[in-house]
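Engineer: Let me begin by handing over the structure; questions about it come next.
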Amino acid sequence: MSRLIDVENLTLQFDTDEGRITAVDDVSFSLEAGEVMGLVGESGSGKSVTAKSLMKLNPRNAVYGPDTKITLHLDDGPVDVMSLQNDREMKVVRGGAISLIFQEPMASFAPAISIGDQMVEQLLIHTDFSKVQARELSVEMLDRVGISDASTRFGQYAFELSGGMRQRAMIAMALSTKPKLLIADEPTTALDVTIQAQVIDLMKDLVSEFGMGIIFITHDLGVIAQTADKVAVMYLGRLVEQGTVRDVIRRPAHPYTRGLLAALPTLDDIDAPLTPIPGDIPSPLERPAGCVYNTRCQEVIGARCATQVPAFSQVDNEHMAACHLYDNNEGTA
Amino acid sequence: MSDTPLIRAQNLSVHYPLRGNILGPAAFVAAVNNINLEIAPGSFFGLVGESGSGKTTLGRAMLRAAPISKGDVLYHDGEVDFALKNLGKADLKEYRKRAQLIFQDPYAALSPRMTVRDIIAEPLEVMGLTKTRAETDARVREIAAKCRLNVEHLRRFPHAFSGGQRQRISIARALVSGPKFIVADESVAALDVSIQADVLNLLKAIQQDMGLTFLFISHDLSVVAHVCDHVAVMYLGRLVETAPTRTLFSSPRHPYTRALLSAIPSLDPDDRGKAEKLEGEIPSPTNPPPGCKFQTRCPFAIDRCRIEEPVLESADVEHNVACHRWQELAI
């Protein structure tokens, strides 16, 4: 496998009337081609903002930290995403090397333009296809994602398609430019469970066929268990745990990950009590000092947790947790 | 169930007219079709199905918030007996005190211009349940405490609260009139897992504390498995299977129930690819297939299924299934 993207020290703040809000705080990870990374966390944890900042898709009041470095490794050499200034330069990345699938497919298609015209439009922007070629490829992609009678569907509008069909069309559109990296932001959350299973299957097939990397954002640990190779868990803008899907789900190391799993109803033991994580996620305006999770953590081990930000410690091979339970260097500040 | 059911649907159908012309509607959609269902007092009854299966419509019909086209819903709580289809105005008002709804979206369900106190107090004032402001305040504080909201919270507006807290406010409002029967329609679907667990635990605690009966509508079978004592599975306006929760999850009989269970993503990464996949999507209720409504997606469909619609039959104690082939498929 070859390296696809390196994210180093990604920090992102928003200037608001109420002050500067930290949405993403010193996040680093990398992804290989053909690898699926699950990005997990509750609402407000910063997972969508993190994914969007890989394309610098952020509102004007966004301020990146000075140490932020995002490197995309393309066939023509590495691209420093932070150095890209205007929309024209960003074209290589947005919709080119990286495609994005949103949660709500109804809101992501323009309602008054046919599905086909939207697919063709982006192909004309990102490839040197003619209109006829773009049309052929679009119909082929619709067919490829399991939409029957693709040439009819090509001329239809978003409202004429069912939810599952819209999400398939969204995937077809996102993949038609042959991106290196696909960011899927809660792509199955709005779907029924039987349709979700179909869409997950489809995405897995396409990864192996196209060999792209996927960042799969979801709050559903079951979906992660069935799709991802590795997992990153986010809380209040920070990564708190990273590892292979087996390590993180079977041997969760960070108390937050353990809390998420304890709160999750599963069919394996329907009598097990559901244990909520105590308290609410703090407001980003009042981020706790020290470990961001210390206000809700059941395993606080002393004053350190409230004063000192934990760095990533190795729990096992590729399994890392940012928690003082695992760091042995007591004295370092 | 030996108890007299608190609420019972009898051959209940809800038909909605499709847009037609000046001569009347073109046709009707059977959102709920000929359903028989009994909910015992004190039950936490789950209703599951995909979008478009009619579960919300059934829940609303049981509150008389959807029109009852055929059949009836009978309510009996030991104090009053109501047949909902032709309920008079005064009786309907009385029924509203006894049957309440908790909505899905805690952001849309609360008026942003009212304080939490006013939101919770509104049903009391509208229904004329309290006579003085002091009485209202006392009742609001009592119910807020049950829902783990403190006096400080009551002065604020909904925007100051998180999703979980807002859902607790919605619950308090539903409970303030002292209802016996609550329909909770996807009440935890919009919440994060941790908050979801908190709200589910609260609903269970309140149910036991106040002796309530719940109809819990959800698309999430794992949630239903954890909180409900009985479950009914709906597909395209029909009940396809009903059973006590443990029975339904340990020995599902209907192919649709099995497919639903199988489609839930397992937490075990080594289970990949093991799920039995259901092809296709739920048909449109405006154009339902003949025979069994599930035959277009059922891997076990035979000719009979395409002609004759199966009815619910008893598979075991309290376990009913509507499938022509459940006996041969049950191994």
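Residue names in the structure tokens use chain letters A, B, ... in the order shown, residue numbers from 1 in each chain, and ligand numbers from 1 in the order shown.
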Taking only C-alpha atoms into account, produce a table as JSON lines in which each residue of chain A with an atom at most 10 Å from an atom of chain B appears once, together with its shortest atom pair and the distance in Å to one decimal, ordered by chain and rising number.
Structural biologist:
{"residue": "A:Gly41", "atom": "CA", "partner": "B:Asp192", "partner_atom": "CA", "distance": 8.9}
{"residue": "A:Glu42", "atom": "CA", "partner": "B:Asp192", "partner_atom": "CA", "distance": 5.8}
{"residue": "A:Ser43", "atom": "CA", "partner": "B:Asp192", "partner_atom": "CA", "distance": 6.8}
{"residue": "A:Gly146", "atom": "CA", "partner": "B:Gly280", "partner_atom": "CA", "distance": 9.8}
{"residue": "A:Ser162", "atom": "CA", "partner": "B:Glu281", "partner_atom": "CA", "distance": 8.7}
{"residue": "A:Gly163", "atom": "CA", "partner": "B:Ser51", "partner_atom": "CA", "distance": 9.7}
{"residue": "A:Gly164", "atom": "CA", "partner": "B:Glu281", "partner_atom": "CA", "distance": 8.0}
{"residue": "A:Met165", "atom": "CA", "partner": "B:Glu281", "partner_atom": "CA", "distance": 9.2}
{"residue": "A:Leu191", "atom": "CA", "partner": "B:Ser51", "partner_atom": "CA", "distance": 8.6}
{"residue": "A:Asp192", "atom": "CA", "partner": "B:Glu50", "partner_atom": "CA", "distance": 5.8}
{"residue": "A:Val193", "atom": "CA", "partner": "B:Ala263", "partner_atom": "CA", "distance": 5.9}
{"residue": "A:Thr194", "atom": "CA", "partner": "B:Ala263", "partner_atom": "CA", "distance": 5.5}
{"residue": "A:Ile195", "atom": "CA", "partner": "B:Glu281", "partner_atom": "CA", "distance": 7.2}
{"residue": "A:Gln196", "atom": "CA", "partner": "B:Ala263", "partner_atom": "CA", "distance": 7.9}
{"residue": "A:Ala197", "atom": "CA", "partner": "B:Ala263", "partner_atom": "CA", "distance": 5.8}
{"residue": "A:Gln198", "atom": "CA", "partner": "B:Lys277", "partner_atom": "CA", "distance": 7.3}
{"residue": "A:Ile200", "atom": "CA", "partner": "B:Pro265", "partner_atom": "CA", "distance": 9.7}
{"residue": "A:Asp201", "atom": "CA", "partner": "B:Gly273", "partner_atom": "CA", "distance": 8.2}
{"residue": "A:His219", "atom": "CA", "partner": "B:Asp192", "partner_atom": "CA", "distance": 7.4}
{"residue": "A:Asp220", "atom": "CA", "partner": "B:Val193", "partner_atom": "CA", "distance": 8.3}
{"residue": "A:Leu221", "atom": "CA", "partner": "B:Leu267", "partner_atom": "CA", "distance": 6.8}
{"residue": "A:Gly222", "atom": "CA", "partner": "B:Leu267", "partner_atom": "CA", "distance": 4.6}
{"residue": "A:Val223", "atom": "CA", "partner": "B:Pro265", "partner_atom": "CA", "distance": 5.5}
{"residue": "A:Ile224", "atom": "CA", "partner": "B:Leu267", "partner_atom": "CA", "distance": 8.1}
{"residue": "A:Ala225", "atom": "CA", "partner": "B:Pro269", "partner_atom": "CA", "distance": 4.7}
{"residue": "A:Gln226", "atom": "CA", "partner": "B:Arg272", "partner_atom": "CA", "distance": 5.5}
{"residue": "A:Thr227", "atom": "CA", "partner": "B:Arg272", "partner_atom": "CA", "distance": 8.0}
{"residue": "A:Ala228", "atom": "CA", "partner": "B:Pro269", "partner_atom": "CA", "distance": 8.6}
{"residue": "A:Asp229", "atom": "CA", "partner": "B:Pro269", "partner_atom": "CA", "distance": 9.2}
{"residue": "A:Val245", "atom": "CA", "partner": "B:Pro269", "partner_atom": "CA", "distance": 7.1}
{"residue": "A:Arg246", "atom": "CA", "partner": "B:Pro269", "partner_atom": "CA", "distance": 6.4}
{"residue": "A:Ile249", "atom": "CA", "partner": "B:Leu267", "partner_atom": "CA", "distance": 7.5}
{"residue": "A:Arg250", "atom": "CA", "partner": "B:Asp268", "partner_atom": "CA", "distance": 8.1}
{"residue": "A:Gly259", "atom": "CA", "partner": "B:Ser194", "partner_atom": "CA", "distance": 7.7}
{"residue": "A:Leu260", "atom": "CA", "partner": "B:Ser194", "partner_atom": "CA", "distance": 6.3}
{"residue": "A:Leu261", "atom": "CA", "partner": "B:Val193", "partner_atom": "CA", "distance": 8.7}
{"residue": "A:Ala262", "atom": "CA", "partner": "B:Ser194", "partner_atom": "CA", "distance": 8.4}
{"residue": "A:Ala263", "atom": "CA", "partner": "B:Ser194", "partner_atom": "CA", "distance": 5.2}
{"residue": "A:Leu264", "atom": "CA", "partner": "B:Val193", "partner_atom": "CA", "distance": 6.0}
{"residue": "A:Pro265", "atom": "CA", "partner": "B:Ser222", "partner_atom": "CA", "distance": 5.5}
{"residue": "A:Thr266", "atom": "CA", "partner": "B:Ser222", "partner_atom": "CA", "distance": 5.4}
{"residue": "A:Leu267", "atom": "CA", "partner": "B:Ser222", "partner_atom": "CA", "distance": 5.6}
{"residue": "A:Asp268", "atom": "CA", "partner": "B:Ser266", "partner_atom": "CA", "distance": 9.0}
{"residue": "A:Asp269", "atom": "CA", "partner": "B:His226", "partner_atom": "CA", "distance": 8.6}
{"residue": "A:Ile270", "atom": "CA", "partner": "B:His226", "partner_atom": "CA", "distance": 5.1}
{"residue": "A:Asp271", "atom": "CA", "partner": "B:His226", "partner_atom": "CA", "distance": 6.4}
{"residue": "A:Ala272", "atom": "CA", "partner": "B:His226", "partner_atom": "CA", "distance": 7.7}
{"residue": "A:Pro273", "atom": "CA", "partner": "B:His226", "partner_atom": "CA", "distance": 8.0}
{"residue": "A:Leu274", "atom": "CA", "partner": "B:Ala197", "partner_atom": "CA", "distance": 5.5}
{"residue": "A:Thr275", "atom": "CA", "partner": "B:Ala197", "partner_atom": "CA", "distance": 6.3}
{"residue": "A:Pro276", "atom": "CA", "partner": "B:Ser194", "partner_atom": "CA", "distance": 4.7}
{"residue": "A:Ile277", "atom": "CA", "partner": "B:Ser194", "partner_atom": "CA", "distance": 5.6}
{"residue": "A:Pro278", "atom": "CA", "partner": "B:Ser194", "partner_atom": "CA", "distance": 8.4}
{"residue": "A:Gly279", "atom": "CA", "partner": "B:Ile195", "partner_atom": "CA", "distance": 9.1}
{"residue": "A:Asp280", "atom": "CA", "partner": "B:Ser162", "partner_atom": "CA", "distance": 7.8}
{"residue": "A:Ile281", "atom": "CA", "partner": "B:Ser162", "partner_atom": "CA", "distance": 8.8}
{"residue": "A:Pro282", "atom": "CA", "partner": "B:Ser162", "partner_atom": "CA", "distance": 9.9}
{"residue": "A:Ser283", "atom": "CA", "partner": "B:Ser162", "partner_atom": "CA", "distance": 9.6}
Engineer: Please provide as a list in words all residues within 10 Å of Gln122 of chain A, with the sequence filter that same-chain residues fewer than 5 positions apart are discarded (counting only C-alpha atoms).
Structural biologist: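 Those residues are Gly95, Gly96, Asp117, Thr127, Ala134, Met173, Ala174, Ser176 and Thr177 of chain A.
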Engineer: Of the residues A:Ser2, A:Thr16, A:Ser45, A:Ser30, which is the one nearest to Gly237 of chain A, using only C-alpha atoms?
Structural biologist: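 Of A:Ser2, A:Thr16, A:Ser45, A:Ser30, the one nearest Gly237 of chain A, counting only C-alpha atoms, is A:Ser45.
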Engineer: Fewer than 2 positions away in the same chain doesn't count, so skip those; otherwise give me all residues within 12 Å of Leu129 of chain B, counting only C-alpha atoms, as a ChimeraX atom specification.
Structural biologist: /B:93-94,96-97,121-127,131-133,135-136,139-140,176-178
Engineer: Check the smallest atom-to-atom distance from each of B:Thr115, B:Asn320, B:Thr130, B:Thr296 to Arg155 of chain B using only C-alpha atoms, then report the winner.
Structural biologist: B:Thr115
Engineer: Please, which residues of segment 52-86 of chain B, numbered as in this document, come out alpha helix (DSSP H) from DSSP, as a ChimeraX atom specification?
Structural biologist: /B:55-61
Engineer: Please measure the separation of atom CA of Arg253 of chain B and atom CA of Arg306 of chain B, giving the value in Å to one decimal.
Structural biologist: 19.0 Å
Engineer: Could you pull out the residues in segment 71-166 of chain B that DSSP calls strand (DSSP E or B) from the backbone, as a list in words?
Structural biologist: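 Result set for segment 71-166 of chain B (strand (DSSP E or B)): Gly71, Asp72, Val73, Leu74, Tyr75, His76, Asp81, Phe82, Ala83, Ala99, Gln100, Leu101 and Ile102 of chain B.
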Engineer: Could you pull the residues within 12 Å of Glu18 of chain A, counting only C-alpha atoms, minus those fewer than 4 positions along the same chain, as a ChimeraX atom specification?
Structural biologist: /A:14,283-286
Engineer: Give me the residues near His159 of chain B as a PyMOL selection string, where near means some atom within 12 Å (using only C-alpha atoms) and where sequence neighbours in that chain fewer than 2 positions away do not count.
Structural biologist: chain B and resi 106-116+153+156-157+161-163+165-166+169
Engineer: Within 9 Å of Ala330 of chain B, counting only C-alpha atoms, which residues qualify if same-chain residues fewer than 4 places away don't, as a PDB file with N, CA and C atoms, in the first residue's frame?
Structural biologist:
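File written: selection-v9.pdb
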ATOM      1  N   SER B 251     -36.255 -16.372  18.216  1.00  0.00           N
ATOM      2  CA  SER B 251     -36.768 -17.215  17.128  1.00  0.00           C
ATOM      3  C   SER B 251     -37.734 -16.431  16.246  1.00  0.00           C
ATOM      4  N   PRO B 252     -37.190 -15.511  15.458  1.00  0.00           N
ATOM      5  CA  PRO B 252     -38.037 -14.775  14.517  1.00  0.00           C
ATOM      6  C   PRO B 252     -38.582 -15.748  13.479  1.00  0.00           C
ATOM      7  N   ARG B 253     -39.859 -15.584  13.111  1.00  0.00           N
ATOM      8  CA  ARG B 253     -40.478 -16.518  12.162  1.00  0.00           C
ATOM      9  C   ARG B 253     -40.642 -15.917  10.770  1.00  0.00           C
ATOM     10  N   ARG B 325     -45.404 -19.664   4.739  1.00  0.00           N
ATOM     11  CA  ARG B 325     -44.387 -20.720   4.820  1.00  0.00           C
ATOM     12  C   ARG B 325     -43.653 -20.765   6.145  1.00  0.00           C
ATOM     13  N   TRP B 326     -44.172 -20.073   7.185  1.00  0.00           N
ATOM     14  CA  TRP B 326     -43.374 -19.996   8.408  1.00  0.00           C
ATOM     15  C   TRP B 326     -43.078 -21.357   9.010  1.00  0.00           C
TER      16      TRP B 326
END
